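Colleague: To be precise about what I am sending: the file is called entry-v7.cif and holds mmCIF, C-alpha atoms and all ligand atoms.
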```
data_target
loop_
_atom_site.label_atom_id
_atom_site.label_comp_id
_atom_site.auth_asym_id
_atom_site.auth_seq_id
_atom_site.Cartn_x
_atom_site.Cartn_y
_atom_site.Cartn_z
CA MET A 1 -4.46 4.39 -8.88
CA PRO A 2 -0.91 3.06 -9.49
CA GLN A 3 -0.40 1.32 -12.80
CA ALA A 4 -0.42 -2.46 -12.62
CA ARG A 5 3.01 -4.10 -12.70
CA LEU A 6 4.76 -3.53 -16.01
CA PRO A 7 4.83 -6.91 -17.78
CA VAL A 8 8.18 -8.03 -19.19
CA SER A 9 8.13 -10.61 -21.96
CA LEU A 10 10.84 -12.66 -23.63
CA TYR A 11 10.83 -13.17 -27.41
CA LEU A 12 11.34 -16.83 -28.25
CA THR A 13 11.65 -18.52 -31.61
CA ALA A 14 10.27 -22.00 -32.10
CA PRO A 15 12.97 -24.67 -32.45
CA GLY A 16 13.93 -25.07 -36.09
CA SER A 17 13.08 -21.45 -36.94
CA ARG A 18 15.35 -19.69 -39.43
CA PHE A 19 14.86 -16.35 -37.63
CA TRP A 20 18.20 -14.79 -36.75
CA THR A 21 17.48 -14.16 -33.11
CA ALA A 22 16.67 -17.84 -32.82
CA SER A 23 16.58 -18.86 -29.19
CA ALA A 24 19.52 -20.87 -28.02
CA PRO A 25 19.18 -24.57 -28.90
CA LEU A 26 16.63 -25.10 -26.16
CA THR A 27 13.32 -26.84 -26.34
CA LEU A 28 10.38 -24.48 -25.94
CA GLU A 29 9.55 -26.21 -22.64
CA ASP A 30 13.07 -25.51 -21.38
CA ALA A 31 13.00 -21.89 -22.59
CA LEU A 32 9.63 -21.33 -20.87
CA ALA A 33 10.89 -22.85 -17.63
CA ARG A 34 14.02 -20.69 -17.66
CA ALA A 35 12.10 -17.52 -18.57
CA ALA A 36 9.71 -18.11 -15.66
CA SER A 37 12.51 -18.82 -13.20
CA LEU A 38 14.26 -15.60 -14.27
CA GLY A 39 11.12 -13.61 -13.45
CA TYR A 40 9.57 -12.95 -16.86
CA ASP A 41 5.81 -12.41 -16.95
CA ALA A 42 5.20 -13.43 -20.55
CA VAL A 43 6.68 -14.70 -23.78
CA GLU A 44 6.25 -13.82 -27.45
CA ILE A 45 6.77 -16.44 -30.14
CA MET A 46 8.09 -16.52 -33.66
CA PRO A 47 6.49 -19.81 -34.78
CA ARG A 48 8.34 -22.18 -37.07
CA ASP A 49 5.14 -22.60 -39.05
CA VAL A 50 1.37 -22.34 -38.68
CA ASP A 51 0.40 -24.27 -35.52
CA ASP A 52 4.06 -25.13 -34.86
CA PRO A 53 4.13 -24.97 -31.88
CA ASP A 54 0.59 -26.13 -31.22
CA PRO A 55 -1.16 -23.06 -29.75
CA GLU A 56 -3.06 -24.87 -26.99
CA ALA A 57 0.02 -26.83 -25.96
CA LEU A 58 2.06 -23.61 -25.89
CA ARG A 59 -0.60 -21.87 -23.80
CA ALA A 60 -0.77 -24.78 -21.33
CA ALA A 61 3.02 -25.02 -21.03
CA ALA A 62 3.28 -21.27 -20.44
CA GLU A 63 0.42 -21.13 -17.96
CA ARG A 64 1.88 -24.08 -16.01
CA ARG A 65 4.80 -21.75 -15.32
CA GLY A 66 2.75 -18.64 -14.62
CA LEU A 67 3.62 -17.11 -17.99
CA ARG A 68 1.27 -15.48 -20.48
CA VAL A 69 1.70 -15.84 -24.24
CA LEU A 70 1.58 -12.19 -25.27
CA GLY A 71 2.10 -12.16 -29.01
CA PHE A 72 2.95 -14.05 -32.18
CA ALA A 73 5.19 -12.95 -35.06
CA THR A 74 4.42 -13.52 -38.76
CA GLY A 75 8.02 -13.53 -39.99
CA PHE A 76 7.88 -17.28 -40.61
CA ILE A 77 5.52 -16.64 -43.54
CA ALA A 78 8.40 -14.97 -45.39
CA LEU A 79 11.24 -17.02 -43.89
CA GLU A 80 9.75 -20.49 -44.32
CA HIS A 81 7.39 -19.99 -47.28
CA GLY A 82 8.80 -17.02 -49.25
CA LEU A 83 5.35 -15.38 -49.14
CA THR A 84 5.14 -11.64 -48.48
CA PHE A 85 2.62 -8.77 -48.60
CA THR A 86 4.54 -7.13 -51.47
CA HIS A 87 5.13 -10.22 -53.60
CA PRO A 88 4.66 -9.58 -57.37
CA ASP A 89 2.28 -12.54 -57.66
CA PRO A 90 -1.22 -11.66 -56.36
CA ASP A 91 -1.80 -15.28 -55.42
CA ALA A 92 1.35 -15.30 -53.27
CA ARG A 93 0.10 -12.13 -51.52
CA ARG A 94 -3.27 -13.78 -50.96
CA GLN A 95 -1.58 -16.85 -49.48
CA ALA A 96 0.52 -14.61 -47.22
CA VAL A 97 -2.65 -12.96 -45.88
CA GLU A 98 -4.33 -16.35 -45.44
CA MET A 99 -1.32 -17.59 -43.46
CA ALA A 100 -1.33 -14.42 -41.37
CA GLY A 101 -5.02 -15.11 -40.69
CA ARG A 102 -4.10 -18.60 -39.48
CA CYS A 103 -1.39 -17.04 -37.30
CA LEU A 104 -4.07 -14.76 -35.81
CA GLU A 105 -6.19 -17.82 -35.08
CA ALA A 106 -3.21 -19.55 -33.44
CA ALA A 107 -2.54 -16.44 -31.38
CA ARG A 108 -6.15 -16.34 -30.23
CA ARG A 109 -6.01 -20.02 -29.23
CA ALA A 110 -2.77 -19.40 -27.31
CA GLY A 111 -4.37 -16.50 -25.39
CA ALA A 112 -2.20 -13.87 -27.08
CA SER A 113 -3.35 -10.30 -27.73
CA PHE A 114 -1.33 -9.28 -30.78
CA VAL A 115 0.31 -10.53 -33.97
CA SER A 116 3.22 -8.52 -35.30
CA VAL A 117 3.91 -7.62 -38.95
CA GLY A 118 7.60 -7.27 -39.72
CA LEU A 119 9.53 -9.42 -42.20
CA VAL A 120 6.32 -10.51 -43.95
CA ARG A 121 6.31 -7.03 -45.53
CA GLY A 122 8.96 -8.36 -47.91
CA LYS A 123 11.62 -6.61 -49.99
CA PRO A 124 11.43 -4.56 -53.21
CA HIS A 125 10.99 -6.68 -56.36
CA PRO A 126 12.13 -5.41 -59.81
CA GLY A 127 8.75 -6.29 -61.25
CA VAL A 128 6.79 -4.19 -58.73
CA LEU A 129 6.67 -0.39 -58.84
CA PRO A 130 7.25 1.20 -55.40
CA GLY A 131 3.78 2.76 -55.43
CA ASP A 132 2.19 -0.59 -56.25
CA ALA A 133 4.20 -2.32 -53.50
CA GLN A 134 2.93 0.22 -50.97
CA ALA A 135 -0.63 -0.33 -52.19
CA HIS A 136 -0.28 -4.11 -51.91
CA LEU A 137 1.19 -3.74 -48.41
CA ALA A 138 -1.65 -1.48 -47.25
CA ALA A 139 -4.26 -3.84 -48.69
CA CYS A 140 -2.72 -6.89 -46.99
CA VAL A 141 -2.26 -5.14 -43.63
CA ARG A 142 -5.83 -3.85 -43.82
CA GLU A 143 -7.19 -7.36 -44.48
CA CYS A 144 -5.20 -8.68 -41.52
CA GLY A 145 -6.43 -5.77 -39.40
CA LEU A 146 -10.06 -6.52 -40.24
CA ARG A 147 -9.60 -10.19 -39.25
CA ALA A 148 -7.75 -9.19 -36.08
CA GLY A 149 -10.53 -6.78 -35.16
CA ASP A 150 -13.15 -9.50 -35.62
CA MET A 151 -11.15 -11.67 -33.19
CA GLY A 152 -10.48 -8.98 -30.61
CA LEU A 153 -6.76 -9.02 -31.44
CA THR A 154 -4.35 -6.33 -32.60
CA ILE A 155 -1.98 -6.27 -35.55
CA THR A 156 1.20 -4.52 -34.43
CA LEU A 157 3.15 -2.98 -37.31
CA GLU A 158 6.86 -2.84 -36.46
CA PRO A 159 9.18 -0.53 -38.42
CA GLY A 160 12.29 -2.59 -39.21
CA ASN A 161 15.81 -1.79 -40.36
CA ARG A 162 16.60 -1.59 -44.06
CA TYR A 163 18.77 -4.73 -43.95
CA GLU A 164 15.86 -6.95 -42.94
CA THR A 165 12.90 -5.45 -44.77
CA GLY A 166 12.35 -3.23 -47.77
CA PHE A 167 9.37 -1.29 -46.43
CA VAL A 168 8.47 0.77 -43.35
CA HIS A 169 11.78 1.58 -41.71
CA THR A 170 10.67 4.47 -39.51
CA VAL A 171 7.79 5.57 -37.29
CA ASP A 172 6.94 8.22 -39.88
CA GLU A 173 6.51 5.57 -42.57
CA ALA A 174 4.58 3.31 -40.20
CA LEU A 175 2.20 6.11 -39.24
CA ALA A 176 1.56 6.79 -42.92
CA LEU A 177 0.63 3.14 -43.39
CA LEU A 178 -1.58 3.20 -40.28
CA GLU A 179 -3.28 6.28 -41.76
CA ALA A 180 -3.89 4.43 -45.04
CA VAL A 181 -5.20 1.32 -43.27
CA SER A 182 -7.15 3.36 -40.72
CA LEU A 183 -8.28 0.56 -38.36
CA PRO A 184 -8.26 0.65 -34.54
CA SER A 185 -7.00 -2.94 -34.63
CA VAL A 186 -3.74 -1.93 -36.37
CA LEU A 187 -1.25 -0.20 -34.07
CA LEU A 188 2.51 0.31 -33.74
CA GLN A 189 5.23 -1.87 -32.29
CA LEU A 190 8.68 -0.27 -31.88
CA ASP A 191 12.04 -1.93 -31.40
CA THR A 192 15.06 -0.09 -30.01
CA PHE A 193 17.45 -2.19 -32.13
CA HIS A 194 15.74 -1.06 -35.35
CA MET A 195 15.21 2.52 -34.18
CA ASN A 196 18.92 2.82 -33.38
CA ILE A 197 19.63 2.13 -37.06
CA GLU A 198 16.79 4.04 -38.73
CA GLU A 199 15.63 6.90 -36.49
CA ALA A 200 17.28 10.28 -35.80
CA SER A 201 16.20 9.89 -32.16
CA ILE A 202 14.79 6.82 -30.42
CA ALA A 203 13.06 8.95 -27.78
CA GLY A 204 11.72 11.23 -30.52
CA ALA A 205 10.32 8.25 -32.40
CA ILE A 206 8.56 6.98 -29.27
CA ARG A 207 7.06 10.40 -28.64
CA HIS A 208 5.97 10.58 -32.28
CA ALA A 209 4.27 7.18 -31.98
CA GLY A 210 2.45 8.39 -28.88
CA PRO A 211 -0.80 6.58 -28.11
CA ARG A 212 -0.42 4.33 -31.18
CA LEU A 213 2.43 2.48 -29.45
CA ALA A 214 0.97 -0.90 -28.53
CA HIS A 215 4.17 -2.87 -27.90
CA LEU A 216 7.89 -2.24 -27.43
CA HIS A 217 10.87 -4.47 -28.15
CA LEU A 218 13.98 -3.69 -26.17
CA ALA A 219 17.51 -4.69 -27.21
CA ASP A 220 20.80 -2.84 -27.17
CA SER A 221 22.62 -1.41 -30.20
CA ASN A 222 24.14 -4.82 -31.02
CA ARG A 223 20.83 -6.63 -30.40
CA ARG A 224 22.34 -8.09 -27.26
CA ALA A 225 20.66 -7.70 -23.87
CA PRO A 226 20.16 -4.05 -22.84
CA GLY A 227 23.23 -2.75 -21.02
CA TRP A 228 25.59 -4.78 -23.21
CA GLY A 229 25.72 -2.27 -26.10
CA HIS A 230 26.06 1.51 -26.35
CA LEU A 231 22.43 2.68 -26.14
CA ASP A 232 21.43 5.17 -23.45
CA PHE A 233 18.03 3.94 -22.24
CA GLY A 234 17.37 6.93 -19.96
CA PRO A 235 15.74 9.02 -22.72
CA VAL A 236 13.79 5.92 -23.84
CA VAL A 237 12.23 5.57 -20.38
CA SER A 238 11.44 9.29 -20.22
CA ALA A 239 9.72 9.14 -23.60
CA LEU A 240 7.70 6.06 -22.59
CA ARG A 241 6.53 7.89 -19.48
CA GLU A 242 5.72 11.03 -21.49
CA VAL A 243 3.43 9.12 -23.86
CA GLY A 244 1.86 7.21 -21.00
CA TYR A 245 2.95 3.85 -22.45
CA ALA A 246 0.96 1.11 -20.71
CA GLY A 247 2.05 -1.93 -22.73
CA ALA A 248 4.66 -4.56 -22.02
CA ILE A 249 8.42 -4.48 -22.48
CA GLY A 250 9.48 -7.30 -24.81
CA LEU A 251 13.12 -8.43 -24.71
CA GLU A 252 13.98 -9.47 -28.26
CA ILE A 253 17.67 -10.22 -27.94
CA LEU A 254 20.47 -12.42 -29.16
CA PHE A 255 21.03 -15.13 -26.58
CA THR A 256 24.76 -14.61 -26.36
CA PRO A 257 26.93 -15.69 -24.56
CA ASP A 258 24.05 -18.04 -23.61
CA PHE A 259 20.32 -18.01 -22.93
CA GLU A 260 20.56 -17.76 -19.15
CA ALA A 261 23.08 -14.90 -19.12
CA ALA A 262 21.34 -12.87 -21.83
CA ALA A 263 17.76 -13.37 -20.63
CA GLY A 264 18.89 -12.73 -17.04
CA GLN A 265 20.62 -9.49 -18.02
CA GLY A 266 17.52 -8.41 -19.91
CA ILE A 267 15.05 -8.67 -17.06
CA ARG A 268 17.48 -7.37 -14.44
CA PHE A 269 18.19 -4.34 -16.61
CA VAL A 270 14.50 -3.59 -17.21
CA ARG A 271 13.57 -3.98 -13.56
CA SER A 272 16.54 -1.84 -12.45
CA LEU A 273 15.62 0.81 -15.02
CA LEU A 274 11.86 0.80 -14.52
CA GLY A 275 11.23 -0.99 -11.28
CA ASP A 276 7.86 -2.61 -11.33
CA ARG A 277 6.00 0.30 -12.84
CA LEU A 278 6.50 2.81 -15.59
CA ALA A 279 4.19 5.43 -14.13
C1 LIG B 1 10.82 -8.86 -35.00
O1 LIG B 1 10.22 -8.31 -33.82
C2 LIG B 1 11.95 -7.99 -35.39
O2 LIG B 1 12.37 -7.14 -34.63
C3 LIG B 1 12.59 -8.13 -36.72
O3 LIG B 1 13.95 -8.45 -36.55
C4 LIG B 1 11.91 -9.07 -37.64
O4 LIG B 1 10.69 -8.56 -37.97
MN MN B 2 11.29 -6.58 -32.86
#
```
Any chance you could put this one into C-alpha cells?
Modeller:
Amino acid sequence: MPQARLPVSLYLTAPGSRFWTASAPLTLEDALARAASLGYDAVEIMPRDVDDPDPEALRAAAERRGLRVLGFATGFIALEHGLTFTHPDPDARRQAVEMAGRCLEAARRAGASFVSVGLVRGKPHPGVLPGDAQAHLAACVRECGLRAGDMGLTITLEPGNRYETGFVHTVDEALALLEAVSLPSVLLQLDTFHMNIEEASIAGAIRHAGPRLAHLHLADSNRRAPGWGHLDFGPVVSALREVGYAGAIGLEILFTPDFEAAAGQGIRFVRSLLGDRLA
C-alpha cells in the first residue's frame, strides 16, 4: 500500500509577531492564499498571542484554500510575555504552562495535531541551578503533555540551537527529556537549521530520533529555502526513509528575497527531492 502523499507545510508567523522568521509583511489571508497557490498542503503558525489569530477564523481561512492547519508554536509565550518553563519564579512557570494549555486549546479549535515546544524552554538564569532548571523544564513539559494527551494532540519537543535557547540543543538531550517525561503524547520535532549547528550529523540525528520523530522542519544552513545554502539533503532523505518517517515536511524559512520566491523554492525543492512520497 503506497504511503499517502507526503504533506508539505509552510511555517507562518502571525502579523506583529516578534519571531525572527516572521513571514514577510503579508496578512495571514494573503500568506494562506499564496501558500495554497504554490502547492502547499498545510501551514503551521507561530501565533502573536493566545487566540491571535482566532483559531476558528484561521481554520476557516485555511480550509477555504484547501489547506490544513498542522501545528502551533508556543514561542510567543516567551517572546511576547517573557514567561518560560525554566523561569526562576514558580508563578511565571505556572503561567507559562497555563498559556501553553491555551495554545493547545487554540490548536485543537484550529484542527491542528501538534503544538511545538521550542523558545518557551527559556535560557539559563543565574538564580536557577542547572539541575533545577532541567527539573522545572521536565515538569512543565510533562504537564503540557498530559493536557495534550487529554485532547488527542501531541507536544513536539524541538531541539534548538544554543543562540536561541538555553536547553535541549541536540536529539540526545531531547531524548533524555522525553525519557524523563515518559508520555506518548510528547514526541520529537527536528529542524535541519538547528541540527546543522548542534549535531555531528544531521542524518545521524534523524536516525537516532527514529520512531519518536513526529515532525520535521526543513531549512538550509542559512535558514533560507532549501537549495539556497550549503546543506546536502541527500543523506537527510535517506535517513528519513530508513526510520520510516511518515510525518509532514515543514518549511520554516526566512522569506528572502521575498515570500513568493522563498516559499516557491521550498516546495519545489521538496517535491523534486522527494516527489510525492517518501516511501
Ligand atoms: C521553531 O520551530 C524554531 O525552529 C526555533 O527557531 C524557535 O523555536
Ligand atoms: Mn523549527
Colleague: As a ChimeraX atom specification, please: every protein or nucleic acid residue near ligand MN 2 (chain B) (cut-off 9 Å, counting only C-alpha atoms and all ligand atoms).
Modeller: /A:11,116,118,158-160,189-194,216-219,250-253
Colleague: Go through A:Ala133, A:Leu240, A:Ala248, A:Leu104 one by one, measure the shortest atom-to-atom distance of each to Leu70 (chain A) using only C-alpha atoms, and give the residue with the smallest value.
Modeller: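 Under the stated criterion, the closest residue is A:Ala248.
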Colleague: Using all atoms listed in the file - which residues lie no farther than 10 Å from the point (14.8, -5.0, -43.5) in the file's frame? Write them as a count of residues only.
Modeller: 17
Colleague: Applying 10 Å and all atoms listed in the file, which residues near Ala148 (chain A) remain after dropping the ones on its own chain fewer than 5 positions away? List them as a compact mmCIF listing (two decimals) with C-alpha atoms, in the coordinates of the input.
Modeller:
```
# COMPACT_ATOMS: atom_id res chain seq x y z
CA ALA A 100 -1.33 -14.42 -41.37
CA GLY A 101 -5.02 -15.11 -40.69
CA LEU A 104 -4.07 -14.76 -35.81
CA GLU A 105 -6.19 -17.82 -35.08
CA ARG A 108 -6.15 -16.34 -30.23
CA SER A 113 -3.35 -10.30 -27.73
CA PHE A 114 -1.33 -9.28 -30.78
CA VAL A 115 0.31 -10.53 -33.97
CA ARG A 142 -5.83 -3.85 -43.82
CA GLU A 143 -7.19 -7.36 -44.48
CA LEU A 153 -6.76 -9.02 -31.44
CA THR A 154 -4.35 -6.33 -32.60
CA ILE A 155 -1.98 -6.27 -35.55
CA PRO A 184 -8.26 0.65 -34.54
CA SER A 185 -7.00 -2.94 -34.63
CA VAL A 186 -3.74 -1.93 -36.37
```
Colleague: Go ahead and find all residues with at least one atom no further than 6 Å from (-0.6, -16.9, -28.5) in the file's coordinates, using all atoms listed in the file; report them as a list in words.
Modeller: Val69, Gly71, Phe72, Ala107, Arg108, Ala110, Gly111 and Ala112 of chain A
Colleague: Compare A:Met151, A:Val8, A:Ala174, A:Leu79 by their minimum atom-to-atom distance to ligand LIG 1 (chain B), counting all atoms listed in the file, and give me the closest one.
Modeller: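 Of A:Met151, A:Val8, A:Ala174, A:Leu79, the one nearest ligand LIG 1 (chain B) is A:Leu79, counting all atoms listed in the file.
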Colleague: Can you measure CA of Leu213 (chain A) to CA of Gly39 (chain A) for me? One decimal in Å is fine.
Modeller: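 Between CA of Leu213 (chain A) and CA of Gly39 (chain A) the gap works out to 24.3 Å.
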Colleague: Here is a test: counting all atoms listed in the file, which residue of A:Gly227, A:Leu183, A:Phe255, A:Arg5 is nearest to Ala31 (chain A)?
Modeller: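 Distance minimum relative to Ala31 (chain A) lands on A:Phe255.
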Colleague: Output, as lines of an AutoDock Vina configuration file, the centre and edge lengths in Å (one decimal) of the axis-aligned box that contains all listed atoms of region 223-233 of chain A with 6 Å of margin on each side.
Modeller:
```
center_x = 22.0
center_y = -1.5
center_z = -25.7
size_x = 20.0
size_y = 25.3
size_z = 21.4
```
Colleague: Find the spatial neighbours of region 53-65 of chain A, counting all atoms listed in the file, within a cut-off of 8 Å - ignore same-chain residues fewer than 3 positions away - and output them as a list in words.
Modeller: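 Answer for this query is Ala14, Glu29, Leu32, Ala33, Ala36, Pro47, Arg48, Asp49, Val50, Arg68, Val69, Ala106, Ala107, Arg109, Ala110 and Gly111 of chain A.
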Colleague: Just the number, please: distance in Å from atom O2 of ligand LIG 1 (chain B) to CA of Ala180 (chain A), one decimal.
Modeller: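 Distance between the two atoms: 22.5 Å.
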Colleague: Using only C-alpha atoms, pick whichever of A:Ala262, A:Leu26, A:Ser182, A:Pro126 has the shortest atom-to-atom distance to Leu146 (chain A).
Modeller: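 Answer, going by the shortest atom-to-atom distance: A:Ser182.
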Colleague: Mind completing region 185-213 of chain A with N, CA and C atoms? Output as a short mmCIF file (atom, residue, chain, number, x, y, z; two decimals), in the coordinates of the input, please?
Modeller:
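Below is the file that was written, out_16.cif:
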```cif
data_model
loop_
_atom_site.label_atom_id
_atom_site.label_comp_id
_atom_site.auth_asym_id
_atom_site.auth_seq_id
_atom_site.Cartn_x
_atom_site.Cartn_y
_atom_site.Cartn_z
N SER A 185 -7.66 -1.66 -34.95
CA SER A 185 -7.00 -2.94 -34.63
C SER A 185 -5.58 -3.03 -35.21
N VAL A 186 -5.12 -1.96 -35.84
CA VAL A 186 -3.74 -1.93 -36.37
C VAL A 186 -2.98 -0.80 -35.68
N LEU A 187 -2.00 -1.18 -34.86
CA LEU A 187 -1.25 -0.20 -34.07
C LEU A 187 0.26 -0.40 -34.28
N LEU A 188 1.05 0.34 -33.55
CA LEU A 188 2.51 0.31 -33.74
C LEU A 188 3.22 -0.57 -32.72
N GLN A 189 4.29 -1.17 -33.17
CA GLN A 189 5.23 -1.87 -32.29
C GLN A 189 6.61 -1.29 -32.63
N LEU A 190 7.35 -0.83 -31.63
CA LEU A 190 8.68 -0.27 -31.88
C LEU A 190 9.74 -1.15 -31.25
N ASP A 191 10.95 -1.06 -31.81
CA ASP A 191 12.04 -1.93 -31.40
C ASP A 191 13.30 -1.07 -31.34
N THR A 192 13.93 -0.99 -30.17
CA THR A 192 15.06 -0.09 -30.01
C THR A 192 16.23 -0.48 -30.92
N PHE A 193 16.36 -1.76 -31.23
CA PHE A 193 17.45 -2.19 -32.13
C PHE A 193 17.24 -1.58 -33.52
N HIS A 194 16.02 -1.63 -34.02
CA HIS A 194 15.74 -1.06 -35.35
C HIS A 194 15.78 0.46 -35.32
N MET A 195 15.24 1.05 -34.25
CA MET A 195 15.21 2.52 -34.18
C MET A 195 16.63 3.08 -34.10
N ASN A 196 17.53 2.34 -33.47
CA ASN A 196 18.92 2.82 -33.38
C ASN A 196 19.56 2.90 -34.76
N ILE A 197 19.08 2.11 -35.69
CA ILE A 197 19.63 2.13 -37.06
C ILE A 197 18.91 3.17 -37.93
N GLU A 198 17.60 3.27 -37.76
CA GLU A 198 16.79 4.04 -38.73
C GLU A 198 16.30 5.40 -38.26
N GLU A 199 16.23 5.63 -36.96
CA GLU A 199 15.63 6.90 -36.49
C GLU A 199 16.69 7.93 -36.11
N ALA A 200 16.36 9.21 -36.25
CA ALA A 200 17.28 10.28 -35.80
C ALA A 200 17.34 10.30 -34.28
N SER A 201 16.24 9.92 -33.63
CA SER A 201 16.20 9.89 -32.16
C SER A 201 15.21 8.80 -31.74
N ILE A 202 15.68 7.90 -30.89
CA ILE A 202 14.79 6.82 -30.42
C ILE A 202 13.68 7.42 -29.57
N ALA A 203 14.07 8.31 -28.65
CA ALA A 203 13.06 8.95 -27.78
C ALA A 203 12.08 9.76 -28.62
N GLY A 204 12.60 10.44 -29.64
CA GLY A 204 11.72 11.23 -30.52
C GLY A 204 10.74 10.35 -31.26
N ALA A 205 11.21 9.18 -31.66
CA ALA A 205 10.32 8.25 -32.40
C ALA A 205 9.22 7.74 -31.48
N ILE A 206 9.58 7.46 -30.24
CA ILE A 206 8.56 6.98 -29.27
C ILE A 206 7.53 8.07 -29.02
N ARG A 207 8.02 9.29 -28.86
CA ARG A 207 7.06 10.40 -28.64
C ARG A 207 6.16 10.58 -29.84
N HIS A 208 6.74 10.42 -31.03
CA HIS A 208 5.97 10.58 -32.28
C HIS A 208 4.90 9.48 -32.39
N ALA A 209 5.25 8.29 -31.94
CA ALA A 209 4.27 7.18 -31.98
C ALA A 209 3.13 7.47 -31.02
N GLY A 210 3.47 8.00 -29.86
CA GLY A 210 2.45 8.39 -28.88
C GLY A 210 1.48 7.27 -28.54
N PRO A 211 0.20 7.57 -28.55
CA PRO A 211 -0.80 6.58 -28.11
C PRO A 211 -0.95 5.40 -29.05
N ARG A 212 -0.31 5.48 -30.26
CA ARG A 212 -0.42 4.33 -31.18
C ARG A 212 0.57 3.23 -30.84
N LEU A 213 1.43 3.48 -29.82
CA LEU A 213 2.43 2.48 -29.45
C LEU A 213 1.78 1.37 -28.62
#
```
